[in-house]
file entry-v3.cif (mmCIF, C-alpha atoms and all ligand atoms)
data_query
loop_
_atom_site.label_atom_id
_atom_site.label_comp_id
_atom_site.auth_asym_id
_atom_site.auth_seq_id
_atom_site.Cartn_x
_atom_site.Cartn_y
_atom_site.Cartn_z
CA MET V 1 -16.92 -30.58 -44.25
CA ALA V 2 -16.13 -31.64 -40.67
CA LYS V 3 -18.82 -30.87 -38.10
CA ILE V 4 -18.12 -28.05 -35.64
CA THR V 5 -18.06 -28.93 -31.92
CA HIS V 6 -19.45 -26.03 -29.89
CA ILE V 7 -18.46 -25.54 -26.29
CA ALA V 8 -19.23 -22.75 -23.83
CA ALA V 9 -16.91 -21.35 -21.18
CA ILE V 10 -17.74 -19.09 -18.25
CA SER V 11 -15.29 -16.91 -16.32
CA ILE V 12 -15.70 -14.36 -13.52
CA PRO V 13 -15.43 -10.53 -13.49
CA ALA V 14 -11.67 -10.54 -12.89
CA PHE V 15 -9.04 -9.78 -15.51
CA SER V 16 -6.52 -12.46 -14.54
CA HIS V 17 -9.18 -15.18 -14.67
CA GLN V 18 -10.57 -13.93 -17.98
CA ALA V 19 -7.12 -13.71 -19.54
CA SER V 20 -6.28 -17.20 -18.36
CA ILE V 21 -9.42 -18.91 -19.69
CA LEU V 22 -9.08 -17.03 -23.00
CA GLU V 23 -5.54 -18.34 -23.37
CA PHE V 24 -6.80 -21.86 -22.68
CA CYS V 25 -9.54 -21.48 -25.32
CA LYS V 26 -7.09 -20.05 -27.87
CA ARG V 27 -4.79 -23.02 -27.42
CA LEU V 28 -7.65 -25.50 -27.58
CA VAL V 29 -9.02 -24.21 -30.89
CA HIS V 30 -5.49 -23.95 -32.25
CA LEU V 31 -5.08 -27.69 -31.69
CA HIS V 32 -8.65 -28.59 -32.76
CA HIS V 33 -9.82 -26.55 -35.71
CA ASN V 34 -13.33 -27.98 -35.49
CA ILE V 35 -13.91 -26.72 -31.97
CA HIS V 36 -15.68 -23.40 -31.49
CA VAL V 37 -15.75 -21.77 -28.03
CA THR V 38 -18.08 -19.09 -26.74
CA CYS V 39 -16.65 -17.40 -23.63
CA ILE V 40 -19.30 -15.89 -21.39
CA PHE V 41 -18.21 -13.19 -18.94
CA PRO V 42 -20.25 -11.98 -15.96
CA THR V 43 -19.55 -8.26 -15.52
CA ILE V 44 -19.44 -5.69 -12.73
CA ASP V 45 -20.31 -2.19 -14.02
CA SER V 46 -18.37 -2.62 -17.30
CA PRO V 47 -15.92 -5.11 -18.81
CA PRO V 48 -12.28 -4.69 -17.70
CA PRO V 49 -10.45 -2.57 -20.33
CA ALA V 50 -7.50 -4.98 -20.23
CA THR V 51 -9.84 -7.82 -21.24
CA ILE V 52 -11.24 -5.70 -24.08
CA SER V 53 -7.69 -5.10 -25.35
CA LEU V 54 -7.00 -8.82 -25.15
CA LEU V 55 -10.16 -9.67 -27.10
CA GLN V 56 -9.31 -7.06 -29.73
CA SER V 57 -5.91 -8.68 -30.16
CA LEU V 58 -7.42 -12.07 -31.10
CA PRO V 59 -7.04 -12.82 -34.82
CA SER V 60 -10.26 -12.26 -36.77
CA SER V 61 -10.10 -15.88 -37.93
CA THR V 62 -10.26 -17.26 -34.39
CA THR V 63 -13.10 -19.58 -33.41
CA VAL V 64 -13.28 -18.09 -29.90
CA ASP V 65 -16.30 -15.81 -29.46
CA HIS V 66 -17.27 -13.87 -26.37
CA ILE V 67 -20.31 -12.43 -24.69
CA PHE V 68 -20.44 -10.05 -21.74
CA LEU V 69 -23.50 -10.66 -19.58
CA PRO V 70 -25.59 -7.64 -18.52
CA PRO V 71 -23.53 -5.90 -15.83
CA ILE V 72 -24.19 -6.14 -12.12
CA ASN V 73 -24.10 -2.68 -10.58
CA LYS V 74 -21.22 -2.37 -8.11
CA GLN V 75 -23.34 -0.01 -6.00
CA ASP V 76 -25.88 -2.80 -5.54
CA LEU V 77 -23.32 -5.18 -4.05
CA PRO V 78 -22.63 -5.08 -0.30
CA GLN V 79 -19.87 -2.50 0.23
CA ASP V 80 -18.60 -3.83 3.55
CA VAL V 81 -17.30 -7.18 2.24
CA PRO V 82 -13.96 -7.93 0.54
CA PRO V 83 -13.76 -7.56 -3.26
CA ALA V 84 -13.45 -11.33 -3.59
CA VAL V 85 -16.85 -11.75 -1.98
CA GLN V 86 -18.32 -9.00 -4.17
CA ILE V 87 -17.03 -10.84 -7.23
CA GLN V 88 -18.53 -14.11 -6.02
CA LEU V 89 -21.88 -12.39 -5.39
CA ALA V 90 -21.81 -10.80 -8.83
CA VAL V 91 -21.26 -14.25 -10.38
CA SER V 92 -24.23 -15.62 -8.41
CA GLN V 93 -26.43 -12.70 -9.42
CA SER V 94 -25.44 -13.26 -13.05
CA MET V 95 -26.68 -16.85 -13.09
CA PRO V 96 -30.19 -16.02 -14.40
CA SER V 97 -28.76 -14.09 -17.36
CA PHE V 98 -26.13 -16.79 -17.87
CA ARG V 99 -28.85 -19.46 -17.99
CA ALA V 100 -30.95 -17.43 -20.43
CA THR V 101 -27.94 -16.73 -22.66
CA LEU V 102 -26.81 -20.34 -22.68
CA HIS V 103 -30.29 -21.61 -23.58
CA GLN V 104 -30.69 -19.03 -26.31
CA LEU V 105 -27.34 -19.85 -27.93
CA HIS V 106 -27.93 -23.58 -27.51
CA SER V 107 -31.17 -23.38 -29.46
CA THR V 108 -29.29 -22.32 -32.59
CA THR V 109 -25.84 -23.90 -32.13
CA PRO V 110 -26.08 -26.75 -29.61
CA PHE V 111 -23.19 -26.98 -27.13
CA VAL V 112 -21.71 -30.29 -26.04
CA ALA V 113 -19.85 -29.06 -22.98
CA LEU V 114 -19.38 -26.23 -20.51
CA VAL V 115 -16.01 -25.25 -19.01
CA ALA V 116 -16.39 -23.16 -15.84
CA ASP V 117 -13.90 -21.11 -13.84
CA THR V 118 -13.42 -22.57 -10.34
CA PHE V 119 -15.26 -19.60 -8.88
CA ALA V 120 -18.17 -19.93 -11.29
CA SER V 121 -19.00 -23.47 -10.22
CA GLU V 122 -22.69 -22.55 -9.86
CA ALA V 123 -22.74 -22.64 -13.65
CA LEU V 124 -22.28 -26.41 -13.51
CA GLN V 125 -25.87 -26.70 -12.29
CA VAL V 126 -27.04 -24.80 -15.34
CA ALA V 127 -25.14 -27.23 -17.58
CA LYS V 128 -27.31 -29.98 -16.15
CA ASP V 129 -30.62 -28.31 -17.12
CA ILE V 130 -32.60 -31.05 -18.82
CA SER V 131 -32.83 -29.32 -22.17
CA LEU V 132 -29.06 -28.64 -22.15
CA ASN V 133 -27.52 -31.69 -20.46
CA LEU V 134 -23.97 -30.57 -21.21
CA SER V 135 -20.82 -32.27 -20.03
CA ALA V 136 -19.30 -30.02 -17.40
CA TYR V 137 -15.65 -29.27 -16.65
CA ILE V 138 -13.95 -27.08 -14.07
CA TYR V 139 -11.09 -24.94 -15.39
CA PHE V 140 -8.50 -25.09 -12.62
CA PRO V 141 -5.25 -23.43 -13.70
CA PRO V 142 -3.44 -23.01 -10.33
CA SER V 143 -0.41 -25.12 -9.42
CA ALA V 144 -0.49 -28.92 -9.11
CA MET V 145 0.36 -28.33 -5.45
CA THR V 146 -2.85 -26.36 -4.95
CA LEU V 147 -4.83 -29.06 -6.75
CA SER V 148 -3.26 -31.75 -4.59
CA LEU V 149 -4.16 -29.74 -1.48
CA PHE V 150 -7.79 -29.45 -2.59
CA LEU V 151 -8.01 -33.18 -3.26
CA HIS V 152 -6.37 -33.91 0.10
CA LEU V 153 -8.54 -31.53 2.13
CA LYS V 154 -10.95 -34.14 3.44
CA THR V 155 -8.11 -36.23 4.90
CA LEU V 156 -6.41 -33.12 6.25
CA HIS V 157 -9.62 -32.04 7.89
CA ASN V 158 -9.73 -35.32 9.81
CA GLN V 159 -6.03 -35.16 10.72
CA VAL V 160 -5.83 -31.58 11.98
CA SER V 161 -8.11 -30.69 14.86
CA CYS V 162 -7.02 -27.05 15.43
CA GLU V 163 -7.03 -24.12 13.01
CA TYR V 164 -4.47 -24.83 10.25
CA ARG V 165 -2.58 -21.62 11.06
CA ASP V 166 -2.03 -22.87 14.64
CA HIS V 167 -0.89 -26.36 13.61
CA LYS V 168 2.77 -26.54 14.61
CA GLU V 169 3.89 -29.54 12.57
CA LEU V 170 4.59 -29.66 8.85
CA ILE V 171 1.59 -30.65 6.75
CA ARG V 172 2.20 -33.26 4.08
CA ILE V 173 0.27 -32.83 0.86
CA PRO V 174 0.66 -35.89 -1.43
CA GLY V 175 3.41 -35.40 -4.00
CA CYS V 176 4.41 -31.98 -2.64
CA ILE V 177 6.98 -30.43 -0.38
CA PRO V 178 5.82 -30.24 3.27
CA ILE V 179 4.28 -26.96 4.31
CA TYR V 180 3.32 -25.17 7.55
CA GLY V 181 -0.33 -24.39 8.26
CA HIS V 182 0.26 -20.64 8.16
CA ASP V 183 1.29 -20.97 4.50
CA LEU V 184 -2.00 -22.55 3.41
CA PRO V 185 -4.59 -20.36 1.62
CA GLU V 186 -6.52 -18.46 4.28
CA HIS V 187 -9.71 -18.93 2.30
CA PHE V 188 -10.71 -19.95 -1.18
CA ARG V 189 -11.52 -16.75 -2.81
CA VAL V 190 -10.90 -14.82 -5.97
CA ILE V 191 -9.58 -11.66 -7.17
CA GLN V 192 -9.82 -8.54 -9.16
CA THR V 193 -11.43 -6.75 -12.03
CA GLY V 194 -9.09 -5.19 -14.65
CA PRO V 195 -7.32 -2.03 -14.30
CA ASN V 196 -8.52 1.27 -15.72
CA SER V 197 -5.88 1.63 -18.37
CA ASP V 198 -2.32 0.85 -19.27
CA PRO V 199 -0.74 4.31 -19.42
CA ASN V 200 2.65 3.08 -18.29
CA GLY V 201 3.57 1.13 -21.40
CA PRO V 202 6.06 2.99 -23.55
CA GLU V 203 7.76 5.02 -20.78
CA CYS V 204 8.82 2.07 -18.71
CA VAL V 205 9.98 0.05 -21.71
CA ARG V 206 12.09 3.01 -22.85
CA TRP V 207 13.50 3.23 -19.33
CA LEU V 208 14.31 -0.50 -19.35
CA ASP V 209 16.02 -0.12 -22.75
CA ASN V 210 18.59 2.13 -21.04
CA GLN V 211 19.49 -0.29 -18.24
CA ARG V 212 22.09 -3.05 -18.10
CA PRO V 213 21.01 -6.68 -18.73
CA ASN V 214 19.47 -8.40 -15.67
CA SER V 215 19.97 -5.29 -13.53
CA VAL V 216 16.38 -4.25 -12.72
CA LEU V 217 14.10 -5.62 -10.03
CA TYR V 218 10.42 -5.46 -11.07
CA VAL V 219 8.11 -4.97 -8.04
CA SER V 220 4.41 -5.67 -8.45
CA PHE V 221 1.57 -7.22 -6.46
CA GLY V 222 -0.75 -8.46 -9.19
CA SER V 223 -3.75 -6.69 -10.61
CA GLY V 224 -5.07 -5.37 -7.30
CA GLY V 225 -2.75 -6.20 -4.41
CA THR V 226 -2.00 -3.38 -1.98
CA LEU V 227 0.35 -2.70 0.94
CA CYS V 228 -0.40 -0.74 4.11
CA GLN V 229 1.13 2.74 4.56
CA GLU V 230 3.89 1.52 6.86
CA GLN V 231 4.85 -1.19 4.37
CA VAL V 232 4.90 1.32 1.50
CA ASN V 233 7.41 3.39 3.52
CA GLU V 234 9.56 0.39 4.31
CA MET V 235 9.41 -0.83 0.71
CA ALA V 236 10.52 2.56 -0.60
CA LEU V 237 13.37 2.93 1.87
CA GLY V 238 14.40 -0.71 1.48
CA LEU V 239 14.59 -0.44 -2.31
CA GLU V 240 16.59 2.78 -1.95
CA LEU V 241 18.93 1.19 0.57
CA SER V 242 19.55 -1.83 -1.66
CA GLY V 243 21.21 0.40 -4.25
CA GLN V 244 19.70 -1.83 -6.97
CA LYS V 245 17.68 -0.60 -9.95
CA PHE V 246 13.94 -1.07 -9.54
CA LEU V 247 10.68 -0.64 -11.41
CA TRP V 248 7.83 -0.48 -8.87
CA VAL V 249 4.10 -0.61 -9.61
CA LEU V 250 2.67 1.46 -6.76
CA ARG V 251 -0.93 1.64 -5.53
CA ALA V 252 -2.37 3.85 -2.81
CA PRO V 253 -1.89 2.07 0.52
CA SER V 254 -4.67 0.21 2.25
CA ASP V 255 -4.93 -2.01 5.31
CA SER V 256 -6.70 -4.58 3.14
CA ALA V 257 -4.23 -6.46 0.92
CA ASN V 258 -6.73 -6.89 -1.92
CA ALA V 259 -8.27 -3.43 -1.75
CA ALA V 260 -7.70 -2.49 -5.41
CA TYR V 261 -9.25 -5.50 -7.15
CA LEU V 262 -12.49 -3.70 -7.87
CA GLY V 263 -10.71 -0.59 -9.13
CA ALA V 264 -8.02 1.64 -7.68
CA GLU V 265 -8.84 4.50 -5.31
CA ASN V 266 -9.10 7.86 -6.99
CA VAL V 267 -6.05 9.25 -5.18
CA ASP V 268 -2.46 9.81 -6.24
CA PRO V 269 -0.38 6.86 -4.98
CA LEU V 270 2.81 8.91 -5.31
CA SER V 271 1.62 11.19 -2.49
CA PHE V 272 2.03 8.26 -0.05
CA LEU V 273 5.76 7.82 -0.68
CA PRO V 274 8.32 8.96 1.92
CA ARG V 275 9.38 12.58 1.58
CA GLY V 276 12.11 13.12 -1.02
CA PHE V 277 12.10 9.45 -2.16
CA LEU V 278 11.34 10.14 -5.83
CA GLU V 279 14.05 12.80 -6.09
CA ARG V 280 16.66 10.69 -4.31
CA THR V 281 16.00 7.60 -6.44
CA LYS V 282 15.69 9.39 -9.78
CA GLY V 283 18.55 7.53 -11.44
CA GLN V 284 17.94 4.33 -9.54
CA GLY V 285 14.32 3.50 -10.12
CA LEU V 286 11.03 4.20 -11.79
CA VAL V 287 7.67 4.20 -9.99
CA LEU V 288 4.62 3.37 -12.09
CA VAL V 289 1.12 4.17 -10.90
CA ASN V 290 -1.37 1.30 -10.48
CA TRP V 291 -0.58 -0.74 -13.59
CA ALA V 292 2.26 -1.82 -15.88
CA PRO V 293 2.64 -3.98 -19.01
CA GLN V 294 3.89 -6.91 -16.94
CA THR V 295 4.67 -9.50 -19.58
CA GLN V 296 6.59 -6.91 -21.61
CA ILE V 297 8.60 -5.99 -18.52
CA LEU V 298 9.31 -9.59 -17.55
CA SER V 299 10.46 -10.44 -21.07
CA HIS V 300 12.81 -7.43 -21.23
CA SER V 301 16.50 -8.33 -21.03
CA SER V 302 17.15 -5.63 -18.40
CA THR V 303 14.75 -7.27 -15.94
CA GLY V 304 16.72 -9.51 -13.62
CA GLY V 305 14.31 -10.13 -10.74
CA PHE V 306 10.64 -9.97 -9.82
CA LEU V 307 9.37 -9.10 -6.37
CA THR V 308 5.95 -10.70 -6.67
CA HIS V 309 2.86 -11.47 -4.59
CA CYS V 310 3.04 -14.97 -6.15
CA GLY V 311 -0.32 -14.86 -7.93
CA TRP V 312 -0.22 -17.89 -10.19
CA ASN V 313 -0.31 -15.93 -13.46
CA SER V 314 2.60 -13.77 -12.29
CA THR V 315 4.46 -16.86 -11.13
CA LEU V 316 4.03 -18.64 -14.46
CA GLU V 317 4.91 -15.50 -16.43
CA SER V 318 8.11 -15.17 -14.41
CA ILE V 319 9.01 -18.83 -14.94
CA VAL V 320 8.28 -18.72 -18.68
CA MET V 321 10.53 -15.65 -18.99
CA GLY V 322 13.21 -17.13 -16.70
CA VAL V 323 13.11 -14.33 -14.10
CA PRO V 324 14.00 -15.30 -10.50
CA MET V 325 11.71 -14.06 -7.76
CA ILE V 326 11.43 -12.48 -4.35
CA THR V 327 8.28 -14.01 -2.98
CA TRP V 328 5.94 -11.72 -1.04
CA PRO V 329 2.58 -13.50 -0.74
CA LEU V 330 -0.49 -11.47 0.22
CA PHE V 331 -3.53 -13.77 0.20
CA ALA V 332 -5.30 -16.80 -1.31
CA GLU V 333 -2.90 -19.67 -2.15
CA GLN V 334 0.04 -17.29 -2.63
CA ARG V 335 1.86 -18.41 0.53
CA MET V 336 1.88 -21.96 -0.77
CA ASN V 337 3.22 -20.72 -4.09
CA ALA V 338 5.95 -18.84 -2.20
CA VAL V 339 7.01 -21.99 -0.35
CA LEU V 340 7.03 -23.94 -3.60
CA LEU V 341 9.20 -21.32 -5.31
CA THR V 342 11.69 -20.74 -2.52
CA GLU V 343 11.95 -24.10 -0.75
CA GLY V 344 10.79 -26.52 -3.44
CA LEU V 345 12.05 -25.17 -6.74
CA LYS V 346 14.59 -22.84 -5.13
CA VAL V 347 14.14 -20.12 -7.73
CA GLY V 348 13.50 -17.29 -5.33
CA LEU V 349 14.17 -15.74 -1.93
CA ARG V 350 11.55 -15.05 0.71
CA PRO V 351 11.91 -12.04 3.02
CA LYS V 352 11.05 -12.29 6.72
CA PHE V 353 8.05 -10.44 8.12
CA ASN V 354 8.34 -9.03 11.65
CA SER V 355 5.76 -9.79 14.35
CA ASP V 356 3.55 -6.92 13.06
CA GLY V 357 3.44 -8.46 9.58
CA ILE V 358 5.85 -5.88 8.11
CA VAL V 359 9.02 -6.52 6.13
CA GLU V 360 11.44 -3.91 7.40
CA ARG V 361 13.68 -1.82 5.15
CA ASP V 362 16.94 -3.60 6.10
CA GLU V 363 15.41 -6.99 5.37
CA ILE V 364 14.13 -5.71 2.00
CA ALA V 365 17.53 -4.28 1.10
CA MET V 366 19.22 -7.55 2.10
CA VAL V 367 16.91 -9.81 0.13
CA VAL V 368 16.96 -7.52 -2.94
CA LYS V 369 20.76 -7.46 -2.96
CA GLY V 370 20.73 -11.20 -2.31
CA LEU V 371 18.65 -11.87 -5.40
CA MET V 372 20.27 -9.37 -7.72
CA VAL V 373 23.96 -9.61 -6.82
CA GLY V 374 24.36 -11.95 -3.82
CA GLU V 375 26.23 -15.22 -3.54
CA GLU V 376 23.12 -17.31 -4.04
CA THR V 377 22.12 -15.60 -7.25
CA ASN V 378 24.07 -17.81 -9.64
CA GLY V 379 22.44 -21.01 -8.38
CA ILE V 380 19.00 -19.40 -8.43
CA ARG V 381 19.50 -18.14 -11.98
CA GLN V 382 20.73 -21.52 -13.15
CA ARG V 383 17.60 -23.21 -11.68
CA ILE V 384 15.15 -20.68 -13.14
CA ARG V 385 16.80 -21.19 -16.55
CA GLU V 386 16.21 -24.94 -16.22
CA LEU V 387 12.61 -24.31 -15.20
CA LYS V 388 12.15 -21.92 -18.13
CA ASP V 389 13.41 -24.62 -20.50
CA ALA V 390 11.08 -27.19 -18.91
CA ALA V 391 8.12 -24.80 -19.37
CA ALA V 392 9.10 -24.24 -23.00
CA ASP V 393 9.31 -28.03 -23.52
CA ALA V 394 5.82 -28.52 -22.04
CA LEU V 395 4.44 -26.03 -24.55
CA LYS V 396 6.15 -27.54 -27.61
CA GLU V 397 4.08 -29.37 -30.20
CA ASP V 398 4.79 -32.73 -28.56
CA GLY V 399 5.09 -31.32 -25.02
CA SER V 400 3.05 -32.53 -22.06
CA SER V 401 0.83 -29.45 -21.86
CA THR V 402 0.04 -29.52 -25.59
CA ARG V 403 -0.66 -33.27 -25.51
CA ASP V 404 -3.03 -32.98 -22.53
CA LEU V 405 -4.95 -30.16 -24.15
CA PHE V 406 -5.14 -32.04 -27.42
CA GLN V 407 -6.57 -35.09 -25.62
CA PHE V 408 -9.17 -32.91 -23.90
CA GLY V 409 -10.22 -31.50 -27.28
CA THR V 410 -10.47 -35.02 -28.67
CA ARG V 411 -12.82 -35.95 -25.83
CA LEU V 412 -15.00 -32.98 -26.67
CA GLU V 413 -15.08 -33.90 -30.34
CA ASN V 414 -15.98 -37.47 -29.41
CA LEU V 415 -18.86 -36.14 -27.32
CA LYS V 416 -20.10 -34.36 -30.40
CA ARG V 417 -19.92 -37.55 -32.43
CA GLY V 418 -21.84 -39.32 -29.67
CA HIS V 419 -19.15 -41.98 -29.24
CA GLN V 420 -18.75 -41.46 -25.52
CA THR V 421 -20.23 -39.55 -22.67
CA PHE V 422 -17.84 -37.86 -20.31
CA ASP V 423 -18.43 -35.94 -17.18
CA GLY V 424 -15.31 -33.97 -16.57
CA LEU V 425 -15.85 -33.46 -12.88
N1 LIG G 1 -0.80 -7.55 -14.55
C1 LIG G 1 -0.35 -6.64 -15.47
N2 LIG G 1 0.04 -5.42 -15.01
C2 LIG G 1 0.03 -5.07 -13.69
C3 LIG G 1 -0.43 -6.03 -12.77
C4 LIG G 1 -0.83 -7.26 -13.22
O1 LIG G 1 -0.32 -6.91 -16.69
O2 LIG G 1 0.42 -3.95 -13.35
C5 LIG G 1 -1.26 -8.88 -15.06
C6 LIG G 1 -0.15 -9.91 -14.88
O3 LIG G 1 0.69 -9.97 -16.01
C7 LIG G 1 -0.93 -11.19 -14.64
C8 LIG G 1 -2.22 -10.71 -13.99
O4 LIG G 1 -2.34 -9.32 -14.26
O5 LIG G 1 -1.25 -11.81 -15.88
C9 LIG G 1 -2.18 -10.91 -12.47
O6 LIG G 1 -2.54 -12.23 -12.20
P1 LIG G 1 -2.01 -13.00 -10.92
O7 LIG G 1 -2.63 -14.36 -10.95
O8 LIG G 1 -0.54 -12.95 -10.82
O9 LIG G 1 -2.53 -12.16 -9.69
P2 LIG G 1 -3.98 -11.58 -9.30
O10 LIG G 1 -4.15 -10.32 -10.06
O11 LIG G 1 -5.02 -12.62 -9.64
O12 LIG G 1 -3.81 -11.34 -7.82
#
call {"tool": "encode", "arguments": {"input": "entry-v3.cif", "output": "structure tokens"}}
result
Amino acid sequence: MAKITHIAAISIPAFSHQASILEFCKRLVHLHHNIHVTCIFPTIDSPPPATISLLQSLPSSTTVDHIFLPPINKQDLPQDVPPAVQIQLAVSQSMPSFRATLHQLHSTTPFVALVADTFASEALQVAKDISLNLSAYIYFPPSAMTLSLFLHLKTLHNQVSCEYRDHKELIRIPGCIPIYGHDLPEHFRVIQTGPNSDPNGPECVRWLDNQRPNSVLYVSFGSGGTLCQEQVNEMALGLELSGQKFLWVLRAPSDSANAAYLGAENVDPLSFLPRGFLERTKGQGLVLVNWAPQTQILSHSSTGGFLTHCGWNSTLESIVMGVPMITWPLFAEQRMNAVLLTEGLKVGLRPKFNSDGIVERDEIAMVVKGLMVGEETNGIRQRIRELKDAAADALKEDGSSTRDLFQFGTRLENLKRGHQTFDGL
């Protein structure tokens, strides 16, 4: 019988990162039946319910195992820092239990390699513990443009003397479309724990079943993105004014755009909508509270557009389903993604923010109509269809994505056989 190659993977306490690395592991073991992966998840308070559902949906025959590390208490983290920093601190505080867990597992089933989320890079040090000495790899799923930026940062640092946001000329990242400094990531940070539940499933799918093909705009800002109160008002009135059908995932407003990543406020988001909005838009739209089954919505034939914060998972999901976008970046590398989608790939429209950082209702109505029924829509839809086909090709058995992953698995298996030593960094 062929020898099993054991590898370990570590993620961070954030649903979108956990879901992404799990998908990677699933695909890897699908291509290499002799590889066995143990995913190790640092935790804040308790594991995200959406991750639990995902794990429960894995086939019992899968060779992907998981372990949740002892939780870090949210109350013990500094409360006056952004959620991204809390997540990073929780990962750091989990390192002792990660080390202990890795050593314990290694003593019975030796690992050959560790794959770490970008924001769990501290784990790479653990991989180098003398008694482990694992090959170490960073799992970096964002766009090639983001990767190119990271690799180019040292040069950029020497070229640009002011703050990037104040740099007036276009910045050239190798192999990418030029970009202005204000569209670069404001800092390299991470996001969100999972939502509390998914109560909006059946209702919204039933609602979509009753709409015309391609007629509904889906509006969502990722697993924790939030708008301020003024923007919630403008969004509501802009959607109403557009006259287009919409399905809007609403969170209670906050002045911090990533306020809900460590759990939504215990308040009713609907109470923040403009007076009479829900009654007036009864036939036009559906407002969902906090969370929605996004991939189901994007794959529904009635969904014809996605107003998105351009998180990379949302972006890829939209491309794979062939849904054109309105790009509304909030933080991290999302502005870059927005430029890529609207100016590079030309599969979306980008609304204009006023000098106070607000997109006003008329602008929203204009861009929504533009995407759903405007003159440009045919070209945009044609291009997103081409991109969808290209994504499907990459995932085919002989596609580029499948081939790359297969080669990576082969490297791991070779490590096991002792033919080569690789250091993935
Ligand atoms: N998501 C979802 N329902 C929601 C909001 C988000 O299922 O109501 C999922 C979405 O499908 C995607 C992930 O959460 O897989 C969000 O990841 P993304 O990278 O787009 O944004 P982030 O949450 O990291 O800001």
call {"tool": "atom_distance", "arguments": {"input": "entry-v3.cif", "atom1": "CA of Trp291 (chain V)", "atom2": "CA of Tyr261 (chain V)"}}
result
11.8 Å
call {"tool": "closest_atom_pairs", "arguments": {"input": "entry-v3.cif", "of": "chain V", "to": "ligand LIG 1 (chain G)", "cutoff": "8 Å", "atoms": "all atoms listed in the file", "output": "Markdown table"}}
result
| residue | atom | partner | partner_atom | distance |
| --- | --- | --- | --- | --- |
| V:Ala14 | CA | G:LIG1 | O11 | 7.7 |
| V:Phe15 | CA | G:LIG1 | O4 | 6.8 |
| V:Ser16 | CA | G:LIG1 | O6 | 4.6 |
| V:His17 | CA | G:LIG1 | O11 | 7.0 |
| V:Ala19 | CA | G:LIG1 | O5 | 7.2 |
| V:Ser20 | CA | G:LIG1 | O5 | 7.8 |
| V:Val190 | CA | G:LIG1 | O11 | 7.3 |
| V:Ile191 | CA | G:LIG1 | O11 | 5.3 |
| V:Gln192 | CA | G:LIG1 | O10 | 6.0 |
| V:Gly194 | CA | G:LIG1 | O4 | 7.9 |
| V:Pro195 | CA | G:LIG1 | C2 | 8.0 |
| V:Asp198 | CA | G:LIG1 | N2 | 7.9 |
| V:Ser220 | CA | G:LIG1 | C3 | 6.5 |
| V:Phe221 | CA | G:LIG1 | C3 | 6.7 |
| V:Gly222 | CA | G:LIG1 | O10 | 4.0 |
| V:Ser223 | CA | G:LIG1 | O10 | 3.7 |
| V:Gly224 | CA | G:LIG1 | O10 | 5.7 |
| V:Gly225 | CA | G:LIG1 | O12 | 6.3 |
| V:Val249 | CA | G:LIG1 | O2 | 6.2 |
| V:Asn258 | CA | G:LIG1 | O12 | 7.9 |
| V:Tyr261 | CA | G:LIG1 | O10 | 7.6 |
| V:Asn290 | CA | G:LIG1 | O2 | 6.2 |
| V:Trp291 | CA | G:LIG1 | O2 | 3.4 |
| V:Ala292 | CA | G:LIG1 | O2 | 3.8 |
| V:Pro293 | CA | G:LIG1 | O1 | 4.8 |
| V:Gln294 | CA | G:LIG1 | O1 | 4.2 |
| V:Thr295 | CA | G:LIG1 | O3 | 5.4 |
| V:His309 | CA | G:LIG1 | O8 | 7.3 |
| V:Cys310 | CA | G:LIG1 | O8 | 6.2 |
| V:Gly311 | CA | G:LIG1 | O8 | 3.5 |
| V:Trp312 | CA | G:LIG1 | O7 | 4.3 |
| V:Asn313 | CA | G:LIG1 | O7 | 3.8 |
| V:Ser314 | CA | G:LIG1 | O8 | 3.6 |
| V:Thr315 | CA | G:LIG1 | O8 | 6.4 |
| V:Glu317 | CA | G:LIG1 | O3 | 7.0 |
call {"tool": "residues_around", "arguments": {"input": "entry-v3.cif", "residues": "Glu397 (chain V)", "least_positions_apart": "4", "cutoff": "12 Å", "atoms": "only C-alpha atoms", "output": "PyMOL selection string"}}
result
chain V and resi 27+30-31+392-393+401-406
call {"tool": "residues_near_point", "arguments": {"input": "entry-v3.cif", "point": "(0.7, -22.0, -20.8)", "cutoff": "8 Å", "atoms": "all atoms listed in the file", "output": "ChimeraX atom specification"}}
result
/V:23-24,316,395,401
call {"tool": "closest_residue", "arguments": {"input": "entry-v3.cif", "among": "V:Asp268, V:Phe246, V:Leu237, V:Leu151", "to": "Arg212 (chain V)", "atoms": "all atoms listed in the file"}}
result
V:Phe246
call {"tool": "build_atoms", "arguments": {"input": "entry-v3.cif", "residues": "region 332-336 of chain V", "atoms": "N, CA and C atoms", "output": "JSON list (two decimals), in the frame of the given file"}}
result
[["chain", "number", "residue", "atom", "x", "y", "z"],
["V", 332, "ALA", "N", -4.94, -15.60, -0.54],
["V", 332, "ALA", "CA", -5.30, -16.80, -1.31],
["V", 332, "ALA", "C", -4.20, -17.88, -1.16],
["V", 333, "GLU", "N", -3.87, -18.58, -2.27],
["V", 333, "GLU", "CA", -2.90, -19.67, -2.15],
["V", 333, "GLU", "C", -1.47, -19.18, -2.38],
["V", 334, "GLN", "N", -1.27, -17.85, -2.28],
["V", 334, "GLN", "CA", 0.04, -17.29, -2.63],
["V", 334, "GLN", "C", 1.15, -17.71, -1.67],
["V", 335, "ARG", "N", 0.82, -17.96, -0.40],
["V", 335, "ARG", "CA", 1.86, -18.41, 0.53],
["V", 335, "ARG", "C", 2.39, -19.78, 0.12],
["V", 336, "MET", "N", 1.46, -20.63, -0.31],
["V", 336, "MET", "CA", 1.88, -21.96, -0.77],
["V", 336, "MET", "C", 2.79, -21.82, -1.99]]
